[in-house]
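*Asks:* Just one file: final.txt, with compact mmCIF, C-alpha atoms and all ligand atoms.
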# COMPACT_ATOMS: atom_id res chain seq x y z
CA MET Y 643 114.51 105.76 92.33
CA ILE Y 644 112.72 108.49 94.21
CA ALA Y 645 115.19 111.25 93.88
CA ASP Y 646 114.75 113.68 96.73
CA THR Y 647 115.29 116.38 94.15
CA PRO Y 648 112.88 118.51 92.14
CA ASN Y 649 111.18 116.84 89.23
CA PRO Y 650 108.67 119.34 87.90
CA ALA Y 651 107.29 116.92 85.31
CA GLY Y 652 106.28 114.20 87.74
CA ALA Y 653 103.53 113.69 90.26
CA GLY Y 654 102.80 111.94 93.50
CA ARG Y 655 99.44 110.72 94.70
CA TYR Y 656 97.39 109.26 97.49
CA ALA Y 657 94.84 106.63 96.49
CA PRO Y 658 92.54 105.53 99.31
CA SER Y 659 89.89 102.83 99.01
CA PRO Y 660 86.57 104.27 100.22
CA SER Y 661 85.77 101.47 102.63
CA GLY Y 662 85.41 103.68 105.71
CA ASP Y 663 87.01 106.62 107.48
CA LEU Y 664 90.78 106.95 107.25
CA HIS Y 665 92.56 106.03 110.49
CA LEU Y 666 95.67 107.67 111.86
CA GLY Y 667 97.97 105.35 109.93
CA ASN Y 668 96.21 106.18 106.65
CA LEU Y 669 96.33 109.90 107.48
CA ARG Y 670 100.05 109.67 108.24
CA THR Y 671 100.70 107.94 104.91
CA ALA Y 672 98.62 110.60 103.12
CA ILE Y 673 100.58 113.43 104.73
CA LEU Y 674 103.88 111.77 103.81
CA ALA Y 675 102.74 111.19 100.21
CA TRP Y 676 101.75 114.84 99.96
CA ALA Y 677 104.92 116.10 101.68
CA LEU Y 678 107.23 113.99 99.51
CA ALA Y 679 105.52 115.21 96.33
CA ARG Y 680 105.62 118.83 97.43
CA ARG Y 681 109.24 118.75 98.60
CA THR Y 682 110.26 117.39 95.20
CA GLU Y 683 108.09 119.99 93.43
CA ARG Y 684 105.82 117.38 91.97
CA ALA Y 685 102.12 117.72 91.40
CA PHE Y 686 99.95 115.83 93.87
CA HIS Y 687 96.80 113.92 92.94
CA LEU Y 688 94.07 112.15 94.85
CA ARG Y 689 92.37 109.08 93.43
CA ILE Y 690 89.50 107.23 95.04
CA GLU Y 691 89.94 103.50 94.38
CA ASP Y 692 86.27 102.61 94.27
CA LEU Y 693 86.26 99.46 92.15
CA ASP Y 694 85.68 97.39 95.26
CA ARG Y 695 84.93 97.74 98.97
CA VAL Y 696 82.87 100.93 98.70
CA ARG Y 697 80.94 102.32 101.64
CA ALA Y 698 78.40 105.01 100.79
CA GLY Y 699 79.67 108.47 101.71
CA ALA Y 700 83.15 107.27 102.66
CA ALA Y 701 84.96 108.96 99.76
CA GLU Y 702 83.47 112.37 100.60
CA ARG Y 703 84.43 111.95 104.26
CA GLN Y 704 87.96 110.89 103.36
CA LEU Y 705 88.40 113.96 101.15
CA GLU Y 706 87.09 116.24 103.90
CA ASP Y 707 89.47 114.69 106.40
CA LEU Y 708 92.49 115.07 104.10
CA ALA Y 709 91.59 118.72 103.50
CA ALA Y 710 91.21 119.28 107.25
CA LEU Y 711 94.84 118.20 107.74
CA GLY Y 712 96.01 120.74 105.15
CA ILE Y 713 96.54 118.38 102.21
CA ASP Y 714 95.78 120.04 98.89
CA GLU Y 715 95.71 118.41 95.48
CA ASP Y 716 96.23 119.46 91.89
CA GLY Y 717 93.42 118.91 89.47
CA PRO Y 718 90.21 117.00 90.00
CA VAL Y 719 89.96 114.00 92.28
CA VAL Y 720 89.80 110.90 90.06
CA LEU Y 721 87.24 108.20 90.74
CA GLN Y 722 88.76 104.93 89.60
CA SER Y 723 85.31 103.65 88.61
CA THR Y 724 85.21 106.25 85.82
CA ARG Y 725 88.39 104.87 84.27
CA GLY Y 726 86.95 101.66 82.84
CA ALA Y 727 87.64 102.53 79.21
CA ALA Y 728 91.35 103.10 79.93
CA HIS Y 729 91.56 99.87 81.92
CA GLU Y 730 89.94 97.90 79.12
CA ALA Y 731 92.18 99.57 76.53
CA ALA Y 732 95.24 98.42 78.48
CA ILE Y 733 93.91 94.86 78.65
CA ALA Y 734 93.20 94.99 74.91
CA ALA Y 735 96.73 96.25 74.16
CA LEU Y 736 98.26 93.45 76.21
CA THR Y 737 95.92 90.91 74.61
CA ALA Y 738 96.97 92.05 71.13
CA ARG Y 739 100.55 91.26 72.12
CA GLY Y 740 99.65 87.75 73.25
CA LEU Y 741 100.23 88.68 76.90
CA VAL Y 742 96.82 87.76 78.30
CA TYR Y 743 95.18 84.40 78.93
CA GLU Y 744 91.96 83.15 80.44
CA CYS Y 745 92.15 81.48 83.83
CA PHE Y 746 89.47 79.04 84.93
CA CYS Y 747 90.88 78.20 88.34
CA THR Y 748 88.84 78.68 91.48
CA ARG Y 749 90.49 80.17 94.53
CA ARG Y 750 90.57 76.74 96.13
CA GLU Y 751 92.23 75.15 93.09
CA ILE Y 752 94.96 77.76 93.19
CA LEU Y 753 95.54 77.21 96.90
CA GLU Y 754 95.66 73.46 96.45
CA ALA Y 755 97.76 73.38 93.28
CA PRO Y 756 101.36 72.35 93.72
CA SER Y 757 103.44 75.50 93.35
CA ALA Y 758 105.68 75.84 90.32
CA PRO Y 759 109.35 75.08 90.90
CA HIS Y 760 111.16 78.01 92.58
CA ALA Y 761 107.92 79.97 92.86
CA PRO Y 762 107.35 81.62 96.23
CA PRO Y 763 104.22 80.70 98.18
CA GLY Y 764 101.13 82.46 96.90
CA ALA Y 765 102.39 82.93 93.35
CA TYR Y 766 100.02 81.67 90.67
CA PRO Y 767 101.36 78.27 89.53
CA GLY Y 768 100.49 78.83 85.87
CA THR Y 769 97.82 76.13 85.68
CA CYS Y 770 95.89 77.77 82.81
CA ARG Y 771 98.85 79.36 81.01
CA ASP Y 772 99.27 76.78 78.28
CA LEU Y 773 95.90 75.09 77.89
CA THR Y 774 94.86 73.62 74.57
CA ALA Y 775 91.91 75.11 72.72
CA ALA Y 776 89.79 72.16 73.83
CA GLN Y 777 90.78 72.63 77.48
CA ARG Y 778 89.91 76.31 77.25
CA GLU Y 779 86.53 75.50 75.76
CA ALA Y 780 85.84 73.07 78.60
CA GLY Y 781 86.96 75.74 81.09
CA ARG Y 782 84.58 78.29 79.60
CA GLU Y 783 81.71 75.83 79.88
CA ARG Y 784 82.56 75.16 83.48
CA MET Y 785 82.64 78.90 84.22
CA HIS Y 786 79.37 79.41 82.38
CA ALA Y 787 77.68 76.84 84.62
CA LEU Y 788 79.02 78.76 87.65
CA HIS Y 789 77.75 82.05 86.17
CA ARG Y 790 81.27 83.40 86.16
CA GLU Y 791 83.62 84.72 83.55
CA PRO Y 792 87.13 83.38 83.32
CA ALA Y 793 89.62 85.69 84.98
CA LEU Y 794 92.20 87.26 82.69
CA ARG Y 795 95.85 86.86 83.63
CA LEU Y 796 99.05 88.42 82.41
CA ARG Y 797 101.40 86.05 80.64
CA ALA Y 798 104.45 87.35 82.50
CA GLU Y 799 107.74 86.88 80.70
CA VAL Y 800 109.88 87.43 83.78
CA ALA Y 801 109.86 85.79 87.21
CA THR Y 802 111.13 88.80 89.16
CA TRP Y 803 111.42 92.55 88.73
CA GLN Y 804 113.40 95.16 90.60
CA VAL Y 805 112.08 98.38 92.05
CA GLU Y 806 113.68 101.19 94.00
CA ASP Y 807 112.12 102.15 97.29
CA LEU Y 808 113.11 105.23 99.24
CA PHE Y 809 113.06 103.27 102.50
CA ALA Y 810 113.64 99.64 101.50
CA GLY Y 811 116.24 100.37 98.82
CA GLU Y 812 116.50 98.07 95.82
CA VAL Y 813 113.82 95.41 96.11
CA THR Y 814 113.63 92.43 93.79
CA GLY Y 815 110.28 90.69 94.01
CA THR Y 816 108.17 88.01 92.41
CA VAL Y 817 106.23 88.64 89.25
CA ASP Y 818 103.68 85.91 88.61
CA ASP Y 819 100.87 85.72 86.08
CA LEU Y 820 98.85 88.30 87.95
CA VAL Y 821 95.12 88.79 87.44
CA LEU Y 822 94.16 91.68 85.16
CA ARG Y 823 90.40 91.21 85.29
CA ARG Y 824 88.71 89.12 87.92
CA GLY Y 825 86.14 86.39 87.38
CA ASP Y 826 83.41 88.76 88.57
CA GLY Y 827 84.33 91.17 85.77
CA VAL Y 828 86.01 93.75 88.02
CA VAL Y 829 89.35 95.06 86.79
CA ALA Y 830 92.11 93.98 89.16
CA TYR Y 831 93.73 96.46 91.51
CA ASN Y 832 97.21 95.88 90.05
CA LEU Y 833 96.11 96.81 86.55
CA ALA Y 834 93.93 99.76 87.55
CA VAL Y 835 96.61 101.32 89.74
CA VAL Y 836 99.26 101.13 87.02
CA VAL Y 837 97.01 102.47 84.26
CA ASP Y 838 95.65 105.30 86.40
CA ASP Y 839 99.01 106.34 87.80
CA ALA Y 840 100.51 106.42 84.30
CA ALA Y 841 97.61 108.48 82.93
CA ALA Y 842 98.10 111.03 85.69
CA GLY Y 843 101.87 111.25 85.13
CA VAL Y 844 102.55 109.75 88.55
CA ASP Y 845 106.19 108.79 89.01
CA GLN Y 846 106.25 108.70 92.82
CA VAL Y 847 104.14 106.19 94.73
CA VAL Y 848 103.94 106.57 98.50
CA ARG Y 849 101.75 104.11 100.42
CA ALA Y 850 101.77 101.66 103.31
CA ASP Y 851 104.39 98.93 103.26
CA ASP Y 852 101.86 96.08 103.10
CA LEU Y 853 101.90 96.82 99.36
CA LEU Y 854 105.67 96.58 98.94
CA SER Y 855 105.41 93.04 97.56
CA SER Y 856 102.99 94.29 94.87
CA ALA Y 857 105.43 96.92 93.63
CA PRO Y 858 107.57 94.63 91.39
CA ARG Y 859 104.44 93.25 89.68
CA GLN Y 860 103.10 96.74 89.14
CA ALA Y 861 106.42 98.09 87.87
CA TYR Y 862 106.68 95.21 85.40
CA LEU Y 863 103.14 95.84 84.19
CA GLY Y 864 103.98 99.54 83.88
CA HIS Y 865 107.04 98.63 81.85
CA LEU Y 866 104.90 96.53 79.48
CA LEU Y 867 102.43 99.39 79.11
CA GLY Y 868 105.10 102.02 78.50
CA ALA Y 869 104.27 103.86 81.74
CA PRO Y 870 106.72 106.33 83.29
CA MET Y 871 109.19 104.69 85.66
CA VAL Y 872 107.90 104.93 89.22
CA GLY Y 873 109.91 105.44 92.39
CA PHE Y 874 108.30 103.95 95.47
CA ALA Y 875 108.27 104.89 99.13
CA HIS Y 876 106.51 102.31 101.28
CA VAL Y 877 105.79 103.74 104.69
CA PRO Y 878 105.61 101.49 107.77
CA LEU Y 879 102.11 100.46 108.79
CA ALA Y 880 100.38 101.73 111.87
CA VAL Y 881 99.64 99.06 114.46
CA SER Y 882 97.71 98.86 117.70
CA PRO Y 883 99.55 98.25 121.00
CA THR Y 884 99.00 94.51 120.47
CA GLY Y 885 100.98 94.71 117.23
CA ALA Y 886 97.99 94.04 114.97
CA ARG Y 887 97.38 96.29 112.00
CA LEU Y 888 95.47 99.36 113.18
CA ALA Y 889 91.73 99.03 112.59
CA LYS Y 890 88.43 100.56 113.54
CA ARG Y 891 88.02 98.04 116.40
CA ASP Y 892 91.00 99.67 118.12
CA GLY Y 893 88.75 102.48 119.28
CA ALA Y 894 88.95 106.15 118.49
CA VAL Y 895 91.45 105.94 115.65
CA THR Y 896 89.98 108.23 113.00
CA LEU Y 897 90.15 112.00 112.76
CA ARG Y 898 86.43 112.23 113.48
CA ASP Y 899 86.78 109.97 116.51
CA ARG Y 900 89.57 112.17 117.86
CA ILE Y 901 87.53 115.32 117.23
CA ALA Y 902 84.57 113.73 119.04
CA ARG Y 903 86.93 113.30 122.00
CA GLY Y 904 87.79 116.98 122.06
CA GLU Y 905 90.94 116.98 119.95
CA THR Y 906 91.44 119.12 116.84
CA ALA Y 907 92.79 118.29 113.38
CA GLU Y 908 95.95 120.14 114.49
CA ASP Y 909 96.31 117.82 117.49
CA VAL Y 910 96.05 114.82 115.17
CA VAL Y 911 98.74 116.22 112.88
CA GLY Y 912 100.74 116.75 116.06
CA ARG Y 913 100.49 113.03 116.87
CA ILE Y 914 101.61 112.17 113.36
CA GLY Y 915 104.52 114.59 113.65
CA ASP Y 916 105.47 113.03 117.01
CA SER Y 917 105.60 109.62 115.30
CA LEU Y 918 108.11 111.04 112.84
CA GLY Y 919 110.32 112.58 115.51
CA ILE Y 920 109.19 116.14 114.76
CA PRO Y 921 107.09 117.26 117.73
CA GLY Y 922 105.02 120.44 117.56
CA CYS Y 923 103.59 120.08 114.03
CA ARG Y 924 100.07 121.48 113.59
CA THR Y 925 99.45 121.22 109.85
CA ALA Y 926 100.60 119.11 106.94
CA ARG Y 927 102.77 122.06 105.90
CA ASP Y 928 104.65 121.90 109.21
CA VAL Y 929 105.41 118.24 108.46
CA LEU Y 930 106.52 119.18 104.94
CA GLU Y 931 108.91 121.77 106.30
CA ARG Y 932 110.36 119.69 109.12
CA TRP Y 933 110.21 116.02 108.08
CA ASP Y 934 113.49 114.41 107.13
CA PRO Y 935 112.69 111.32 105.00
CA ALA Y 936 116.06 109.82 105.85
CA ARG Y 937 115.07 109.77 109.53
CA THR Y 938 111.66 108.20 109.09
CA PRO Y 939 111.29 105.34 111.59
CA ARG Y 940 111.39 102.01 109.76
CA GLU Y 941 109.40 100.08 112.32
CA PRO Y 942 105.58 100.11 112.48
CA TRP Y 943 104.01 103.08 114.22
CA VAL Y 944 102.43 101.84 117.45
CA VAL Y 945 99.32 103.96 117.92
CA ASP Y 946 98.47 104.05 121.61
CA LEU Y 947 95.74 106.60 122.14
CA PRO Y 948 93.87 107.80 125.18
CA SER Y 949 90.29 106.60 124.61
N1 LIG U 1 93.81 101.79 97.47
C1 LIG U 1 94.88 101.14 98.15
C2 LIG U 1 94.59 101.15 99.63
O1 LIG U 1 93.84 101.97 100.11
C3 LIG U 1 96.21 101.81 97.94
C4 LIG U 1 96.70 101.59 96.58
C5 LIG U 1 98.01 102.26 96.26
O2 LIG U 1 98.37 103.24 96.91
O3 LIG U 1 98.63 101.80 95.31
O4 LIG U 1 95.13 100.31 100.32
Starting from the file, give its structure as structure tokens.
*Replies:*
Amino acid sequence: MIADTPNPAGAGRYAPSPSGDLHLGNLRTAILAWALARRTERAFHLRIEDLDRVRAGAAERQLEDLAALGIDEDGPVVLQSTRGAAHEAAIAALTARGLVYECFCTRREILEAPSAPHAPPGAYPGTCRDLTAAQREAGRERMHALHREPALRLRAEVATWQVEDLFAGEVTGTVDDLVLRRGDGVVAYNLAVVVDDAAAGVDQVVRADDLLSSAPRQAYLGHLLGAPMVGFAHVPLAVSPTGARLAKRDGAVTLRDRIARGETAEDVVGRIGDSLGIPGCRTARDVLERWDPARTPREPWVVDLPS
């Protein structure tokens, strides 16, 4: 579990996808990831998850914004796209253990397939898990005609896995035969995140709680790959006054938008501090010094800004 005690050997991290500017919810999660690492005397790393959804210039802007809030990192910022060899090595290691199979299903086939008994909705039903050699050959030909590669899936040997979350407590969640490499050849998020966190010595994962259901899959994959045990802290999402997940369309929700409206980075940290019940914060360090993780609100943060 995430011990709220020093662990000099471990590290925390923040791992944004460079799809645009970070909004206040992202910035709040980043500050909390940094603060939790620093208060437990861990290193803190930044990783840009640029395998997918990349907007030109977004990574640089995100890093500038994080620095403007007072977040500092140890060591170089890692670009996930430079980690291909490590991702492929992990897939090869799992393959050598018979833990990988080719999947020829289209998205529609998966949606329309009857789910396996006891499997929760959305879990892969295992259609391609035990194909004969002839069926696999036919699948490859079908993929070839579609100009796609088969996806690679993990042959999971468990149905559930338990993780410890600082806020949610012990969480037992589904582990299905998750995708390791997609049909378009891109390494899947779940694999990349586990391999890259392990390589960086990360043992504390703080992120938004829309990823809580991915944590058991990732922890199981980490277990298979011999990664350090990770403690999670999934922070409530930020939402607009309508209750929808905060997004660009909600108006001036990024640091740059706020600055364009005459606020400062310190004012924005102040808003984040207010959301945590610690008014008067001006920098990430103020949050570090005053934030009590045990008193973090568990409900989504409703961001209602003057436009
Ligand atoms: N890159 C993911 C995102 O921006 C976060 C991944 C993670 O923290 O594990 O949503």
*Asks:* Show me a table, sorted first by chain and then by increasing residue number, of the residues of chain Y having an atom at most 10 Å from ligand LIG 1 (chain U), each with its shortest atom pair and the distance in Å to one decimal, counting only C-alpha atoms and all ligand atoms and written as a tab-separated table.
*Replies:*
residue	atom	partner	partner_atom	distance
Y:Arg655	CA	U:LIG1	O2	7.9
Y:Tyr656	CA	U:LIG1	O2	6.1
Y:Ala657	CA	U:LIG1	O2	4.9
Y:Pro658	CA	U:LIG1	O1	3.9
Y:Ser659	CA	U:LIG1	O1	4.2
Y:Pro660	CA	U:LIG1	O1	7.6
Y:Ser661	CA	U:LIG1	O1	8.5
Y:Leu664	CA	U:LIG1	O1	9.2
Y:Asn668	CA	U:LIG1	O1	8.1
Y:Thr671	CA	U:LIG1	O2	9.6
Y:Ala672	CA	U:LIG1	O2	9.6
Y:Ala675	CA	U:LIG1	O2	9.7
Y:Arg689	CA	U:LIG1	N1	8.5
Y:Ile690	CA	U:LIG1	N1	7.4
Y:Glu691	CA	U:LIG1	N1	5.2
Y:Asp692	CA	U:LIG1	N1	8.2
Y:Leu693	CA	U:LIG1	N1	9.5
Y:Asp694	CA	U:LIG1	N1	9.5
Y:Arg695	CA	U:LIG1	N1	9.9
Y:Gln722	CA	U:LIG1	N1	9.9
Y:Tyr831	CA	U:LIG1	C4	7.8
Y:Asn832	CA	U:LIG1	O3	8.0
Y:Ala834	CA	U:LIG1	O3	9.3
Y:Val835	CA	U:LIG1	O3	5.9
Y:Val836	CA	U:LIG1	O3	8.3
Y:Asp839	CA	U:LIG1	O3	8.8
Y:Val847	CA	U:LIG1	O2	6.8
Y:Val848	CA	U:LIG1	O2	6.7
Y:Arg849	CA	U:LIG1	O2	4.9
Y:Ala850	CA	U:LIG1	O4	7.4
Y:Asp851	CA	U:LIG1	O2	9.8
Y:Asp852	CA	U:LIG1	O4	8.4
Y:Leu853	CA	U:LIG1	O3	7.2
Y:Leu854	CA	U:LIG1	O3	9.5
Y:Ser856	CA	U:LIG1	O3	8.7
Y:Ala857	CA	U:LIG1	O3	8.5
Y:Gln860	CA	U:LIG1	O3	9.1
Y:Phe874	CA	U:LIG1	O3	9.9
Y:His876	CA	U:LIG1	O2	9.3
*Asks:* In Å to one decimal, how far is CA of Phe746 (chain Y) from CA of Pro792 (chain Y)?
*Replies:*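 Rounded to one decimal, the two atoms are 5.2 Å apart.
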*Asks:* What lies within 8 Å of Ala679 (chain Y) using all atoms listed in the file, ignoring chain neighbours under 5 positions off, as a list in words?
*Replies:* Ala653, Gly654, Arg655, Arg684, Ala685, Phe686 and Gln846 of chain Y
*Asks:* Write out as a PyMOL selection string which residues come within 12 Å of region 782-791 of chain Y when counting all atoms listed in the file, dropping same-chain ones fewer than 2 positions away.
*Replies:* chain Y and resi 744-748+770+773+775-780+793-794+823-828
*Asks:* Gly652 (chain Y): which residues within 12 Å, counting only C-alpha atoms, same-chain residues fewer than 4 positions away excluded, as a list in words?
*Replies:* Ile644, Ala645, Thr647, Pro648, Leu678, Ala679, Arg680, Thr682, Glu683, Arg684, Ala685, Phe686, His687, Asp839, Ala840, Ala841, Ala842, Gly843, Val844, Asp845, Gln846, Val847, Pro870, Met871, Val872 and Gly873 of chain Y
*Asks:* For Val910 (chain Y), which residue among Y:Val945, Y:Gly740, Y:Val805, Y:Val877 is the nearest when counting only C-alpha atoms?
*Replies:*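 Closest candidate: Y:Val945.
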*Asks:* What does the structure give for the distance between CA of Val837 (chain Y) and CA of Leu820 (chain Y), in Å to one decimal?
*Replies:* 14.8 Å
*Asks:* What's the separation between CA of Val696 (chain Y) and CA of Tyr743 (chain Y), in Å to one decimal place?
*Replies:*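 For CA of Val696 (chain Y) relative to CA of Tyr743 (chain Y), the distance reads 28.6 Å.
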*Asks:* Can you list, as a PyMOL selection string, every protein, DNA or RNA residue that comes within 12 Å of region 800-803 of chain Y when you count all atoms listed in the file, leaving out same-chain residues fewer than 2 positions away?
*Replies:* chain Y and resi 741+758-762+765-768+796-798+805-806+812-820+855-866
*Asks:* Give one line per residue of region 672-730 of chain Y that approaches region 921-944 of chain Y to at most 7 Å, naming the two atoms of the closest pair and their distance in Å to one decimal, counting all atoms listed in the file; sort by chain then ascending residue number and deliver it as JSON lines.
*Replies:*
{"residue": "Y:Ile673", "atom": "CA", "partner": "Y:Ala926", "partner_atom": "CA", "distance": 6.1}
{"residue": "Y:Ala677", "atom": "CA", "partner": "Y:Leu930", "partner_atom": "CA", "distance": 4.8}
{"residue": "Y:Arg681", "atom": "CA", "partner": "Y:Leu930", "partner_atom": "CA", "distance": 6.9}
{"residue": "Y:Leu711", "atom": "CA", "partner": "Y:Ala926", "partner_atom": "CA", "distance": 5.9}
{"residue": "Y:Gly712", "atom": "CA", "partner": "Y:Ala926", "partner_atom": "CA", "distance": 5.2}
{"residue": "Y:Ile713", "atom": "CA", "partner": "Y:Ala926", "partner_atom": "CA", "distance": 6.3}
*Asks:* Env of Gly893 (chain Y): 10 Å cut, atoms = all atoms listed in the file, seq-sep filter 6 positions within chain, self excluded. Answer as an MDAnalysis selection string.
*Replies:* chainID Y and resid 882 899:900 947:949
*Asks:* Pick out the closest residue to Gln704 (chain Y) from this set: Y:Val821, Y:Ala886, Y:Ala875, Y:Leu897. Count only C-alpha atoms.
*Replies:*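 Distance minimum relative to Gln704 (chain Y) lands on Y:Leu897.
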